Structure formats: structure tokens, C-alpha cells
$ cat structure-v8.pdb   # PDB, C-alpha atoms (C1' of nucleotides)
ATOM      1  CA  MET A 107       0.000   0.000   0.000
ATOM      2  CA  SER A 108       2.331   2.653   1.203
ATOM      3  CA  SER A 109       4.350   4.187  -1.479
ATOM      4  CA  THR A 110       7.394   3.044   0.416
ATOM      5  CA  ALA A 111       7.178  -0.386  -1.110
ATOM      6  CA  GLY A 112       7.889   1.176  -4.384
ATOM      7  CA  ALA A 113       5.456   0.673  -7.141
ATOM      8  CA  ALA A 114       3.397  -2.280  -6.163
ATOM      9  CA  PRO A 115       2.740  -4.255  -9.277
ATOM     10  CA  ALA A 116      -0.553  -3.296 -10.670
ATOM     11  CA  ILE A 117      -0.754  -6.626 -12.324
ATOM     12  CA  LYS A 118      -1.122  -9.604 -10.096
ATOM     13  CA  VAL A 119       1.678 -11.936 -10.950
ATOM     14  CA  LEU A 120       0.988 -15.600 -10.670
ATOM     15  CA  PRO A 121       3.549 -17.235  -8.467
ATOM     16  CA  ALA A 122       6.531 -17.937 -10.653
ATOM     17  CA  PRO A 123       8.641 -16.709  -7.812
ATOM     18  CA  PRO A 124      12.328 -16.068  -7.815
ATOM     19  CA  GLY A 125      12.956 -18.179  -4.746
ATOM     20  CA  LEU A 126      10.852 -21.269  -5.047
ATOM     21  CA  PRO A 127       9.302 -22.805  -1.960
ATOM     22  CA  GLU A 128      11.025 -25.912  -0.714
ATOM     23  CA  PRO A 129       9.760 -29.136  -2.225
ATOM     24  CA  LEU A 130       7.840 -31.406   0.091
ATOM     25  CA  PRO A 131       9.667 -34.509   1.297
ATOM     26  CA  GLU A 132      10.571 -36.824  -1.530
ATOM     27  CA  PRO A 133      13.098 -39.541  -2.338
ATOM     28  CA  THR A 134      16.434 -38.500  -3.752
ATOM     29  CA  VAL A 135      17.473 -39.643  -7.185
ATOM     30  CA  GLU A 136      19.551 -42.406  -5.653
ATOM     31  CA  GLU A 137      16.561 -43.601  -3.698
ATOM     32  CA  LEU A 138      14.345 -44.023  -6.735
ATOM     33  CA  ARG A 139      13.347 -47.658  -7.049
ATOM     34  CA  LEU A 140      11.891 -49.158 -10.160
ATOM     35  CA  GLU A 141       9.416 -51.368  -8.345
ATOM     36  CA  THR A 142       8.131 -48.441  -6.309
ATOM     37  CA  VAL A 143       7.750 -46.184  -9.312
ATOM     38  CA  LEU A 144       5.974 -48.896 -11.255
ATOM     39  CA  GLY A 145       3.690 -49.468  -8.310
ATOM     40  CA  ALA A 146       2.829 -45.799  -8.196
ATOM     41  CA  LEU A 147       2.034 -45.884 -11.893
ATOM     42  CA  SER A 148      -0.091 -49.004 -11.722
ATOM     43  CA  ASP A 149      -3.211 -47.051 -10.893
ATOM     44  CA  PRO A 150      -5.377 -45.512 -13.625
ATOM     45  CA  LEU A 151      -6.019 -42.286 -11.781
ATOM     46  CA  ARG A 152      -2.361 -41.715 -11.088
ATOM     47  CA  LEU A 153      -1.476 -42.615 -14.637
ATOM     48  CA  THR A 154      -3.969 -39.986 -15.697
ATOM     49  CA  ILE A 155      -2.397 -37.405 -13.431
ATOM     50  CA  VAL A 156       1.107 -38.017 -14.704
ATOM     51  CA  ARG A 157       0.059 -38.172 -18.305
ATOM     52  CA  LYS A 158      -1.876 -34.950 -18.031
ATOM     53  CA  LEU A 159       1.070 -33.254 -16.418
ATOM     54  CA  LEU A 160       3.334 -34.477 -19.179
ATOM     55  CA  LEU A 161       1.113 -33.528 -22.066
ATOM     56  CA  GLU A 162      -0.894 -30.537 -21.007
ATOM     57  CA  SER A 163       1.213 -28.607 -18.584
ATOM     58  CA  GLU A 164       3.357 -26.037 -20.244
ATOM     59  CA  GLN A 165       6.297 -25.793 -17.890
ATOM     60  CA  PHE A 166       4.100 -24.776 -14.972
ATOM     61  CA  ASP A 167       3.301 -26.663 -11.865
ATOM     62  CA  HIS A 168      -0.327 -27.426 -11.309
ATOM     63  CA  SER A 169      -2.543 -27.595  -8.286
ATOM     64  CA  CYS A 170      -4.825 -30.499  -7.540
ATOM     65  CA  GLY A 171      -7.818 -28.501  -8.621
ATOM     66  CA  TRP A 172      -6.413 -27.945 -12.102
ATOM     67  CA  PHE A 173      -7.029 -31.569 -13.014
ATOM     68  CA  GLY A 174     -10.732 -31.367 -12.500
ATOM     69  CA  PHE A 175     -11.222 -34.790 -11.037
ATOM     70  CA  ASP A 176     -14.616 -35.543  -9.622
ATOM     71  CA  ARG A 177     -13.349 -37.187  -6.470
ATOM     72  CA  PRO A 178     -13.283 -36.255  -2.831
ATOM     73  CA  LYS A 179     -10.379 -34.063  -1.912
ATOM     74  CA  SER A 180      -9.004 -36.592   0.519
ATOM     75  CA  SER A 181      -8.723 -39.166  -2.242
ATOM     76  CA  LEU A 182      -6.759 -36.786  -4.388
ATOM     77  CA  THR A 183      -4.419 -35.961  -1.533
ATOM     78  CA  HIS A 184      -3.826 -39.675  -1.172
ATOM     79  CA  HIS A 185      -2.840 -40.174  -4.797
ATOM     80  CA  PHE A 186      -0.714 -37.074  -5.106
ATOM     81  CA  LYS A 187       1.126 -38.117  -2.015
ATOM     82  CA  ALA A 188       1.672 -41.607  -3.400
ATOM     83  CA  LEU A 189       3.174 -40.172  -6.551
ATOM     84  CA  ARG A 190       5.423 -37.825  -4.652
ATOM     85  CA  GLU A 191       6.614 -40.457  -2.206
ATOM     86  CA  ALA A 192       7.447 -42.789  -5.061
ATOM     87  CA  GLY A 193       9.510 -40.008  -6.604
ATOM     88  CA  VAL A 194       7.366 -39.513  -9.664
ATOM     89  CA  THR A 195       6.297 -35.966  -8.914
ATOM     90  CA  ARG A 196       7.609 -33.031  -6.954
ATOM     91  CA  GLN A 197       5.271 -30.842  -4.949
ATOM     92  CA  ARG A 198       5.719 -27.303  -3.738
ATOM     93  CA  GLN A 199       3.485 -25.215  -1.569
ATOM     94  CA  TYR A 200       2.409 -21.910  -3.074
ATOM     95  CA  GLY A 201       0.282 -20.177  -0.529
ATOM     96  CA  LEU A 202      -2.795 -22.273  -0.268
ATOM     97  CA  GLU A 203      -2.094 -24.438  -3.244
ATOM     98  CA  ARG A 204       0.175 -27.404  -3.448
ATOM     99  CA  ARG A 205       1.430 -27.696  -6.971
ATOM    100  CA  SER A 206       2.882 -30.699  -8.713
ATOM    101  CA  HIS A 207       5.093 -31.447 -11.630
ATOM    102  CA  VAL A 208       6.711 -34.599 -12.935
ATOM    103  CA  ARG A 209      10.393 -35.133 -12.118
ATOM    104  CA  VAL A 210      11.120 -35.580 -15.777
ATOM    105  CA  ASP A 211      14.882 -35.291 -15.625
ATOM    106  CA  ASP A 212      15.275 -37.637 -12.689
ATOM    107  CA  LEU A 213      12.985 -40.226 -14.176
ATOM    108  CA  ASN A 214      14.531 -40.069 -17.599
ATOM    109  CA  ALA A 215      17.926 -40.473 -16.041
ATOM    110  CA  CYS A 216      16.959 -43.470 -13.959
ATOM    111  CA  PHE A 217      14.335 -45.114 -16.109
ATOM    112  CA  PRO A 218      14.725 -43.930 -19.697
ATOM    113  CA  GLY A 219      11.634 -44.443 -21.773
ATOM    114  CA  LEU A 220       9.265 -44.904 -18.895
ATOM    115  CA  LEU A 221       7.632 -41.516 -19.225
ATOM    116  CA  ASP A 222       7.147 -42.084 -22.926
ATOM    117  CA  LEU A 223       5.029 -45.088 -22.080
ATOM    118  CA  VAL A 224       2.941 -43.010 -19.723
ATOM    119  CA  ALA A 225       2.537 -40.264 -22.293
ATOM    120  CA  ALA A 226       1.420 -42.812 -24.854
ATOM    121  CA  TRP A 227      -1.016 -44.474 -22.490
ATOM    122  CA  ALA A 228      -4.664 -44.484 -23.523
ATOM    123  CA  PRO A 229      -7.016 -44.517 -20.550
ATOM    124  CA  GLU A 230      -9.177 -47.607 -20.679
ATOM    125  CA  ALA A 231      -9.238 -48.367 -24.351
TER     126      ALA A 231
ATOM    127  CA  MET B  88      -3.454 -95.703 -26.154
ATOM    128  CA  SER B  89      -3.812 -98.864 -28.103
ATOM    129  CA  SER B  90      -0.782 -99.990 -30.049
ATOM    130  CA  THR B  91      -2.558 -98.733 -33.104
ATOM    131  CA  ALA B  92      -1.089 -95.316 -32.339
ATOM    132  CA  GLY B  93       2.003 -96.417 -34.195
ATOM    133  CA  ALA B  94       5.567 -96.760 -32.995
ATOM    134  CA  ALA B  95       6.176 -94.924 -29.791
ATOM    135  CA  PRO B  96       9.503 -93.117 -30.007
ATOM    136  CA  ALA B  97      12.267 -95.210 -28.568
ATOM    137  CA  ILE B  98      14.352 -92.199 -27.750
ATOM    138  CA  LYS B  99      13.032 -89.930 -25.096
ATOM    139  CA  VAL B 100      13.076 -86.488 -26.587
ATOM    140  CA  LEU B 101      13.329 -83.563 -24.273
ATOM    141  CA  PRO B 102      10.421 -81.314 -24.911
ATOM    142  CA  ALA B 103      11.465 -79.064 -27.721
ATOM    143  CA  PRO B 104       8.505 -80.443 -29.506
ATOM    144  CA  PRO B 105       7.399 -79.779 -33.028
ATOM    145  CA  GLY B 106       3.877 -79.025 -31.931
ATOM    146  CA  LEU B 107       4.143 -76.965 -28.781
ATOM    147  CA  PRO B 108       1.629 -77.463 -26.004
ATOM    148  CA  GLU B 109      -1.053 -74.828 -25.882
ATOM    149  CA  PRO B 110      -0.211 -71.790 -23.773
ATOM    150  CA  LEU B 111      -2.177 -71.416 -20.588
ATOM    151  CA  PRO B 112      -4.888 -68.732 -20.595
ATOM    152  CA  GLU B 113      -3.469 -65.259 -21.086
ATOM    153  CA  PRO B 114      -4.567 -61.856 -22.340
ATOM    154  CA  THR B 115      -4.320 -61.143 -26.041
ATOM    155  CA  VAL B 116      -2.074 -58.386 -27.297
ATOM    156  CA  GLU B 117      -5.046 -56.067 -27.576
ATOM    157  CA  GLU B 118      -5.936 -56.755 -23.993
ATOM    158  CA  LEU B 119      -2.566 -55.754 -22.612
ATOM    159  CA  ARG B 120      -2.991 -52.798 -20.288
ATOM    160  CA  LEU B 121      -0.156 -50.634 -19.133
ATOM    161  CA  GLU B 122      -1.433 -50.239 -15.594
ATOM    162  CA  THR B 123      -1.848 -53.988 -15.219
ATOM    163  CA  VAL B 124       1.594 -54.762 -16.569
ATOM    164  CA  LEU B 125       3.167 -52.150 -14.338
ATOM    165  CA  GLY B 126       1.303 -53.582 -11.392
ATOM    166  CA  ALA B 127       2.641 -57.028 -12.165
ATOM    167  CA  LEU B 128       6.146 -55.621 -12.336
ATOM    168  CA  SER B 129       5.876 -53.629  -9.133
ATOM    169  CA  ASP B 130       6.949 -56.568  -7.015
ATOM    170  CA  PRO B 131      10.621 -57.371  -6.436
ATOM    171  CA  LEU B 132      10.236 -61.110  -6.775
ATOM    172  CA  ARG B 133       8.392 -60.822 -10.056
ATOM    173  CA  LEU B 134      10.876 -58.295 -11.301
ATOM    174  CA  THR B 135      13.560 -60.817 -10.484
ATOM    175  CA  ILE B 136      11.743 -63.524 -12.398
ATOM    176  CA  VAL B 137      11.305 -61.439 -15.510
ATOM    177  CA  ARG B 138      14.808 -60.074 -15.402
ATOM    178  CA  LYS B 139      16.285 -63.518 -14.989
ATOM    179  CA  LEU B 140      14.250 -64.791 -17.898
ATOM    180  CA  LEU B 141      15.415 -61.909 -20.025
ATOM    181  CA  LEU B 142      19.074 -62.135 -19.183
ATOM    182  CA  GLU B 143      19.833 -65.745 -18.437
ATOM    183  CA  SER B 144      17.482 -67.798 -20.503
ATOM    184  CA  GLU B 145      18.878 -68.646 -23.862
ATOM    185  CA  GLN B 146      15.781 -69.028 -25.974
ATOM    186  CA  PHE B 147      14.409 -71.786 -23.774
ATOM    187  CA  ASP B 148      11.446 -71.724 -21.510
ATOM    188  CA  HIS B 149      12.133 -72.366 -17.873
ATOM    189  CA  SER B 150      10.305 -74.168 -15.139
ATOM    190  CA  CYS B 151       9.634 -72.669 -11.732
ATOM    191  CA  GLY B 152      12.365 -74.749 -10.186
ATOM    192  CA  TRP B 153      15.018 -73.330 -12.493
ATOM    193  CA  PHE B 154      14.922 -70.019 -10.652
ATOM    194  CA  GLY B 155      15.990 -71.489  -7.358
ATOM    195  CA  PHE B 156      13.843 -69.303  -5.150
ATOM    196  CA  ASP B 157      13.677 -70.192  -1.514
ATOM    197  CA  ARG B 158       9.944 -69.781  -1.167
ATOM    198  CA  PRO B 159       7.042 -72.140  -0.750
ATOM    199  CA  LYS B 160       5.830 -73.579  -3.992
ATOM    200  CA  SER B 161       2.390 -72.109  -3.580
ATOM    201  CA  SER B 162       3.871 -68.632  -3.397
ATOM    202  CA  LEU B 163       5.725 -69.156  -6.618
ATOM    203  CA  THR B 164       2.624 -70.418  -8.355
ATOM    204  CA  HIS B 165       0.924 -67.249  -7.232
ATOM    205  CA  HIS B 166       3.545 -64.959  -8.748
ATOM    206  CA  PHE B 167       3.952 -66.860 -11.983
ATOM    207  CA  LYS B 168       0.231 -66.757 -12.416
ATOM    208  CA  ALA B 169       0.164 -63.027 -11.752
ATOM    209  CA  LEU B 170       2.770 -62.463 -14.442
ATOM    210  CA  ARG B 171       0.953 -64.615 -16.930
ATOM    211  CA  GLU B 172      -2.439 -63.051 -16.266
ATOM    212  CA  ALA B 173      -0.980 -59.596 -16.702
ATOM    213  CA  GLY B 174       0.405 -60.696 -20.047
ATOM    214  CA  VAL B 175       4.063 -60.449 -19.129
ATOM    215  CA  THR B 176       4.892 -64.118 -19.505
ATOM    216  CA  ARG B 177       3.564 -67.102 -21.415
ATOM    217  CA  GLN B 178       3.386 -70.519 -19.813
ATOM    218  CA  ARG B 179       3.244 -73.930 -21.396
ATOM    219  CA  GLN B 180       2.869 -77.310 -19.815
ATOM    220  CA  TYR B 181       5.585 -79.820 -20.639
ATOM    221  CA  GLY B 182       4.742 -83.029 -18.899
ATOM    222  CA  LEU B 183       5.211 -82.290 -15.267
ATOM    223  CA  GLU B 184       6.796 -78.912 -15.686
ATOM    224  CA  ARG B 185       5.144 -75.626 -16.448
ATOM    225  CA  ARG B 186       7.621 -73.474 -18.274
ATOM    226  CA  SER B 187       7.638 -69.740 -18.698
ATOM    227  CA  HIS B 188       9.093 -67.190 -21.025
ATOM    228  CA  VAL B 189       8.630 -63.466 -21.431
ATOM    229  CA  ARG B 190       6.331 -62.258 -24.203
ATOM    230  CA  VAL B 191       9.100 -60.106 -25.559
ATOM    231  CA  ASP B 192       7.594 -59.312 -28.926
ATOM    232  CA  ASP B 193       4.189 -58.439 -27.573
ATOM    233  CA  LEU B 194       5.587 -56.255 -24.834
ATOM    234  CA  ASN B 195       8.020 -54.479 -27.085
ATOM    235  CA  ALA B 196       5.226 -53.810 -29.515
ATOM    236  CA  CYS B 197       2.881 -52.403 -26.883
ATOM    237  CA  PHE B 198       5.294 -50.850 -24.427
ATOM    238  CA  PRO B 199       8.612 -50.234 -26.123
ATOM    239  CA  GLY B 200      11.473 -49.822 -23.724
ATOM    240  CA  LEU B 201       9.740 -51.348 -20.760
ATOM    241  CA  LEU B 202      11.679 -54.593 -20.850
ATOM    242  CA  ASP B 203      14.928 -52.683 -21.080
ATOM    243  CA  LEU B 204      14.104 -51.099 -17.762
ATOM    244  CA  VAL B 205      13.477 -54.485 -16.238
ATOM    245  CA  ALA B 206      16.695 -55.874 -17.660
ATOM    246  CA  ALA B 207      18.603 -52.929 -16.235
ATOM    247  CA  TRP B 208      16.987 -53.221 -12.848
ATOM    248  CA  ALA B 209      19.284 -53.858  -9.905
ATOM    249  CA  PRO B 210      17.595 -55.761  -7.102
ATOM    250  CA  GLU B 211      17.610 -53.652  -3.955
ATOM    251  CA  ALA B 212      20.658 -51.536  -4.457
TER     252      ALA B 212
ATOM    253  C1'  DC C 248       2.293-100.876  -7.632
ATOM    254  C1'  DC C 249       4.184 -97.613  -5.040
ATOM    255  C1'  DT C 250       6.913 -93.863  -4.189
ATOM    256  C1'  DG C 251       8.914 -89.426  -5.376
ATOM    257  C1'  DC C 252       8.590 -85.142  -7.550
ATOM    258  C1'  DA C 253       6.762 -80.638 -10.143
ATOM    259  C1'  DG C 254       3.487 -78.000  -9.658
ATOM    260  C1'  DT C 255      -1.559 -76.630  -8.744
ATOM    261  C1'  DA C 256      -5.774 -75.653  -5.937
ATOM    262  C1'  DC C 257      -7.845 -74.238  -1.954
ATOM    263  C1'  DG C 258      -8.281 -71.750   2.049
ATOM    264  C1'  DA C 259      -6.838 -68.949   6.138
ATOM    265  C1'  DC C 260      -4.414 -65.198   7.652
ATOM    266  C1'  DT C 261      -2.139 -60.662   7.387
ATOM    267  C1'  DT C 262      -0.917 -56.471   5.107
ATOM    268  C1'  DT C 263      -1.503 -52.989   2.125
ATOM    269  C1'  DA C 264      -4.229 -49.941  -1.062
ATOM    270  C1'  DG C 265      -7.956 -47.369  -2.378
ATOM    271  C1'  DT C 266     -12.268 -44.665  -1.018
ATOM    272  C1'  DC C 267     -14.466 -41.407   1.406
ATOM    273  C1'  DG C 268     -16.701 -38.422   5.221
ATOM    274  C1'  DA C 269     -15.764 -35.123   8.663
ATOM    275  C1'  DA C 270     -12.999 -32.085  11.197
ATOM    276  C1'  DC C 271      -9.022 -29.204  10.931
ATOM    277  C1'  DT C 272      -5.339 -25.740   9.044
ATOM    278  C1'  DT C 273      -4.046 -21.718   6.829
ATOM    279  C1'  DA C 274      -3.401 -17.893   3.088
ATOM    280  C1'  DG C 275      -5.632 -14.335   1.136
ATOM    281  C1'  DC C 276      -9.062 -11.035   1.022
ATOM    282  C1'  DA C 277     -12.620  -7.809   2.226
TER     283       DA C 277
ATOM    284  C1'  DT D 201     -11.858  -9.913  12.274
ATOM    285  C1'  DG D 202     -13.924 -13.115  10.262
ATOM    286  C1'  DC D 203     -15.148 -15.602   5.767
ATOM    287  C1'  DT D 204     -13.869 -18.593   2.081
ATOM    288  C1'  DA D 205     -11.351 -21.929  -0.467
ATOM    289  C1'  DA D 206      -7.438 -25.337  -1.133
ATOM    290  C1'  DG D 207      -5.820 -28.884   0.732
ATOM    291  C1'  DT D 208      -4.493 -31.979   4.850
ATOM    292  C1'  DT D 209      -5.232 -35.293   8.576
ATOM    293  C1'  DC D 210      -7.589 -38.827  10.803
ATOM    294  C1'  DG D 211     -10.219 -42.753  11.088
ATOM    295  C1'  DA D 212     -13.211 -46.335   9.341
ATOM    296  C1'  DC D 213     -14.453 -49.404   5.897
ATOM    297  C1'  DT D 214     -13.607 -52.428   1.883
ATOM    298  C1'  DA D 215     -11.179 -54.780  -1.516
ATOM    299  C1'  DA D 216      -7.213 -56.728  -3.227
ATOM    300  C1'  DA D 217      -2.368 -58.783  -2.639
ATOM    301  C1'  DG D 218       1.102 -61.408  -0.617
ATOM    302  C1'  DT D 219       2.298 -65.566   2.292
ATOM    303  C1'  DC D 220       2.107 -70.069   3.348
ATOM    304  C1'  DG D 221       0.393 -74.860   4.957
ATOM    305  C1'  DT D 222      -1.965 -78.737   3.399
ATOM    306  C1'  DA D 223      -4.103 -81.577   0.272
ATOM    307  C1'  DC D 224      -4.366 -82.909  -4.428
ATOM    308  C1'  DT D 225      -2.983 -84.285  -9.542
ATOM    309  C1'  DG D 226      -0.305 -86.743 -12.653
ATOM    310  C1'  DC D 227       4.131 -88.323 -14.810
ATOM    311  C1'  DA D 228       8.197 -91.170 -14.114
ATOM    312  C1'  DG D 229      11.301 -94.626 -12.338
ATOM    313  C1'  DG D 230      12.350 -98.733  -9.670
TER     314       DG D 230
END
$ encode --input "structure-v8.pdb" --output "C-alpha cells"
Amino acid sequence: MSSTAGAAPAIKVLPAPPGLPEPLPEPTVEELRLETVLGALSDPLRLTIVRKLLLESEQFDHSCGWFGFDRPKSSLTHHFKALREAGVTRQRQYGLERRSHVRVDDLNACFPGLLDLVAAWAPEA
Amino acid sequence: MSSTAGAAPAIKVLPAPPGLPEPLPEPTVEELRLETVLGALSDPLRLTIVRKLLLESEQFDHSCGWFGFDRPKSSLTHHFKALREAGVTRQRQYGLERRSHVRVDDLNACFPGLLDLVAAWAPEA
DNA sequence: CCTGCAGTACGACTTTAGTCGAACTTAGCA
DNA sequence: TGCTAAGTTCGACTAAAGTCGTACTGCAGG
């Protein structure tokens, strides 16, 4: 408000902040395990989440709401957490929202080709 | 049974038969589902089975015993069945033994690169 | 014929996942 | 200051997986 802050931006910038919030707890690259990752991806809803992030997100993280799933919030929390704890996604807290993106580089380094399979997946043919 | 069936072979041929036994029930190529296959591969023992088949079997099918797992037989049956029903392996009955091999062509066609990940897998680093 | 052996089938038990309602937490905003 | 909205946490329920003992099937060899 006060002019002291300098010109407050008239435009409301979406959070693409200079200093990113810390990621929520997640396995390191060395801790990534194939069987765990495959387990996380063996669920249709989670496959949908990852695929959507891969194909439709243009370099932004996305909040749970962005996906538009018609499920109780607690179910979504469950699945997003499963993906993060398996090391498939990274989550950061932006104010109220918890946004996710796929750890593309890590996964491609550890399991090359895996994400291509997810991207090519067709939900229930 | 009657002797009318002609001369029974004097030499006992190991089963590399001209007419192979029918494969046990399994999904068709069209029925292969990524989430199901990933689920089947999300278990360390099954990953071990598939990897061993990929790396150490030289174009032969292998019976359960060949793997040398120290587990009850009923557990092994369970896992081999899970792999077959997911479409990862094919099983044929040769006399007493039920032998398995990986459906390499089918899997490479549907999920290219997936088997490479399994082959590269290192059991519990 | 009888015994041994490969593997299955069945069933009980335990663990883990998924599903969801309800209460709670917290940032942003008026 | 107090509302609202995004998302979590907790707890209960249910369904599915993994584990394993025991009994069974069916070929093979003495």
C-alpha cells in the first residue's frame, strides 16, 4: 500500500517466484526404485495425473484442482502423495495451493523411456 | 493308447517339440494394459523372475524350479500366475513342468522400452 | 504298484491400497 | 476480524495382494 514499497505491481503476478518454496519430502534420485515407481504408476487415476502433467502442462506446476477430477479431496491428496513419495512428482506449496510437476529429468535419467510409455497411455481403451 | 497309435519313439526327446503345447490362458495383445503390466512388475520377486528370464534364458522356456527361489511352492505359483495373467509371460505345460518365457515381442510392440528397464533393474541396491 | 517329484488348488491369515466423510489448518481477502 | 477456499489429517471401511500350509494331480522310475 504505502508508497514506500515502491510501485506495487498493478498486475497480479501468478507465483513464478524467484525463490521457489522448498519441495515437500521426496526420495532422492539415488533412492528411486523401479518397483516403487511402477507401483505408483499401476493405478489408472495416477497414470492420468502423470500423463496430463506431461502432455498438457506447459512448464508450470499445477494444483490439484487444475485436473478437475470428480473425487473427494481426501482421495486426491492420497494419490498425489503416493506419486510424490514414489519419486514420480515433486510438490511445492504456493500459498494455499500445493502444486505438482513430474520429475522428468530424474525419471529419464533413472528409467529412460518410462515416461514415454505413460505419455502414450490411452485410458481404458 | 492302443498300439494302433504307431511306434512310440524309442528315444526320449526332451520337450522341444514340433507341436508346442497350448499356452495357458493369457490376455491377447489387444488386452494388454499398461497399468496392469506395471502392477505385475511392481513386485521385487516378479521383477527378479522377468529379469532372470530376459538375461539368463537362452531361448528356452524355464520351469519354476530353475529359478531357485527359496519360497514355498504355492507362493511361486501365485507370482507366476500373476505375471501370466498380466500378459508379461507365457506358460506352457511340458509333462510335469510348467515353463515360462517373457512375451518379448508383444511387450516391445505395446510398451517399447519397458523390458529394457526391467533388464537394467538392480535388485535392492 | 508304489513312491517321489513338479506343480496346482484351496483356504486362512495378514498387510496394504484405495475410497471417502468429517474435522481441521491456513493464506488471502474484504 | 472473520469468511472462504485449497488442501491436509484422521479414522473407518472395503477390496485386493502377498504368504504359506496342506491336500491334491499326474508323470516317471524302480
$ closest_atom_pairs --input "structure-v8.pdb" --of "chain B" --to "chain D" --cutoff "9 Å" --atoms "all atoms listed in the file" --output "Markdown table"
| residue | atom | partner | partner_atom | distance |
| --- | --- | --- | --- | --- |
| B:Pro159 | CA | D:DC220 | C1' | 6.7 |
| B:Lys160 | CA | D:DC220 | C1' | 8.9 |
| B:Ser161 | CA | D:DC220 | C1' | 7.2 |
| B:Ser162 | CA | D:DT219 | C1' | 6.7 |
| B:His165 | CA | D:DG218 | C1' | 8.8 |
| B:Gly182 | CA | D:DC227 | C1' | 6.7 |
| B:Leu183 | CA | D:DC227 | C1' | 6.1 |
$ write_last_selection --input "structure-v8.pdb" --atoms "C-alpha atoms" --output "mmCIF file, in the coordinates of the input"
data_model
loop_
_atom_site.group_PDB
_atom_site.id
_atom_site.type_symbol
_atom_site.label_atom_id
_atom_site.label_comp_id
_atom_site.auth_asym_id
_atom_site.auth_seq_id
_atom_site.Cartn_x
_atom_site.Cartn_y
_atom_site.Cartn_z
ATOM 1 C CA PRO B 159 7.042 -72.140 -0.750
ATOM 2 C CA LYS B 160 5.830 -73.579 -3.992
ATOM 3 C CA SER B 161 2.390 -72.109 -3.580
ATOM 4 C CA SER B 162 3.871 -68.632 -3.397
ATOM 5 C CA HIS B 165 0.924 -67.249 -7.232
ATOM 6 C CA GLY B 182 4.742 -83.029 -18.899
ATOM 7 C CA LEU B 183 5.211 -82.290 -15.267
#
$ atom_distance --input "structure-v8.pdb" --atom1 "CA of Val124 in chain B" --atom2 "CA of Asp203 in chain B"
14.2 Å
$ interface_residues --input "structure-v8.pdb" --of "chain A" --to "chain B" --cutoff "8 Å" --atoms "all atoms listed in the file" --output "number ranges by chain"
A: 139-145, 147-150, 153, 217-220, 223, 227
$ resolve_selection --input "structure-v8.pdb" --expression "the PyMOL selection byres ((chain B and resi 145-151) around 9)" --output "PyMOL selection string"
(chain B and resi 103+140-144+152-156+160+163-164+167+178-179+184-189) or (chain C and resi 253-254)
$ calpha_fit_rmsd --input "structure-v8.pdb" --fixed "chain B" --moving "chain A"
2.1 Å
$ interface_residues --input "structure-v8.pdb" --of "chain C" --to "chain A" --cutoff "12 Å" --atoms "only C-alpha atoms (C1' of nucleotides)" --output "number ranges by chain"
C: 264-269, 272-275
$ atom_distance --input "structure-v8.pdb" --atom1 "C1' of DT262 in chain C" --atom2 "CA of Leu138 in chain A"
23.0 Å
$ axis_aligned_box --input "structure-v8.pdb" --around "range 206-212 of chain D" --padding-each-side "6 Å" --output "lines of an AutoDock Vina configuration file"
center_x = -8.9
center_y = -35.8
center_z = 5.0
size_x = 20.7
size_y = 33.0
size_z = 24.2
$ atom_distance --input "structure-v8.pdb" --atom1 "CA of Leu213 in chain A" --atom2 "CA of Pro114 in chain B"
29.0 Å
$ build_atoms --input "structure-v8.pdb" --residues "range 175-191 of chain B" --atoms "N, CA and C atoms" --output "JSON list (two decimals), in the coordinates of the input"
[["chain", "number", "residue", "atom", "x", "y", "z"],
["B", 175, "VAL", "N", 2.61, -60.63, -19.08],
["B", 175, "VAL", "CA", 4.06, -60.45, -19.13],
["B", 175, "VAL", "C", 4.75, -61.73, -19.59],
["B", 176, "THR", "N", 4.27, -62.86, -19.11],
["B", 176, "THR", "CA", 4.89, -64.12, -19.50],
["B", 176, "THR", "C", 3.87, -65.03, -20.17],
["B", 177, "ARG", "N", 4.40, -66.04, -20.86],
["B", 177, "ARG", "CA", 3.56, -67.10, -21.42],
["B", 177, "ARG", "C", 4.01, -68.39, -20.76],
["B", 178, "GLN", "N", 3.05, -69.24, -20.44],
["B", 178, "GLN", "CA", 3.39, -70.52, -19.81],
["B", 178, "GLN", "C", 2.83, -71.68, -20.62],
["B", 179, "ARG", "N", 3.67, -72.70, -20.73],
["B", 179, "ARG", "CA", 3.24, -73.93, -21.40],
["B", 179, "ARG", "C", 3.55, -75.11, -20.50],
["B", 180, "GLN", "N", 2.72, -76.11, -20.64],
["B", 180, "GLN", "CA", 2.87, -77.31, -19.82],
["B", 180, "GLN", "C", 3.64, -78.36, -20.58],
["B", 181, "TYR", "N", 4.81, -78.75, -20.04],
["B", 181, "TYR", "CA", 5.58, -79.82, -20.64],
["B", 181, "TYR", "C", 5.62, -80.97, -19.66],
["B", 182, "GLY", "N", 4.77, -81.93, -19.85],
["B", 182, "GLY", "CA", 4.74, -83.03, -18.90],
["B", 182, "GLY", "C", 4.48, -82.48, -17.51],
["B", 183, "LEU", "N", 5.42, -82.73, -16.64],
["B", 183, "LEU", "CA", 5.21, -82.29, -15.27],
["B", 183, "LEU", "C", 5.48, -80.81, -15.09],
["B", 184, "GLU", "N", 6.36, -80.28, -15.91],
["B", 184, "GLU", "CA", 6.80, -78.91, -15.69],
["B", 184, "GLU", "C", 5.93, -77.90, -16.42],
["B", 185, "ARG", "N", 5.82, -76.75, -15.81],
["B", 185, "ARG", "CA", 5.14, -75.63, -16.45],
["B", 185, "ARG", "C", 6.19, -74.56, -16.71],
["B", 186, "ARG", "N", 6.49, -74.34, -17.96],
["B", 186, "ARG", "CA", 7.62, -73.47, -18.27],
["B", 186, "ARG", "C", 7.17, -72.10, -18.74],
["B", 187, "SER", "N", 7.98, -71.14, -18.43],
["B", 187, "SER", "CA", 7.64, -69.74, -18.70],
["B", 187, "SER", "C", 8.66, -69.07, -19.59],
["B", 188, "HIS", "N", 8.18, -68.12, -20.37],
["B", 188, "HIS", "CA", 9.09, -67.19, -21.02],
["B", 188, "HIS", "C", 8.39, -65.85, -21.13],
["B", 189, "VAL", "N", 9.18, -64.81, -21.34],
["B", 189, "VAL", "CA", 8.63, -63.47, -21.43],
["B", 189, "VAL", "C", 8.07, -63.24, -22.83],
["B", 190, "ARG", "N", 6.94, -62.57, -22.90],
["B", 190, "ARG", "CA", 6.33, -62.26, -24.20],
["B", 190, "ARG", "C", 7.02, -61.03, -24.80],
["B", 191, "VAL", "N", 8.25, -61.23, -25.16],
["B", 191, "VAL", "CA", 9.10, -60.11, -25.56],
["B", 191, "VAL", "C", 8.50, -59.32, -26.71]]
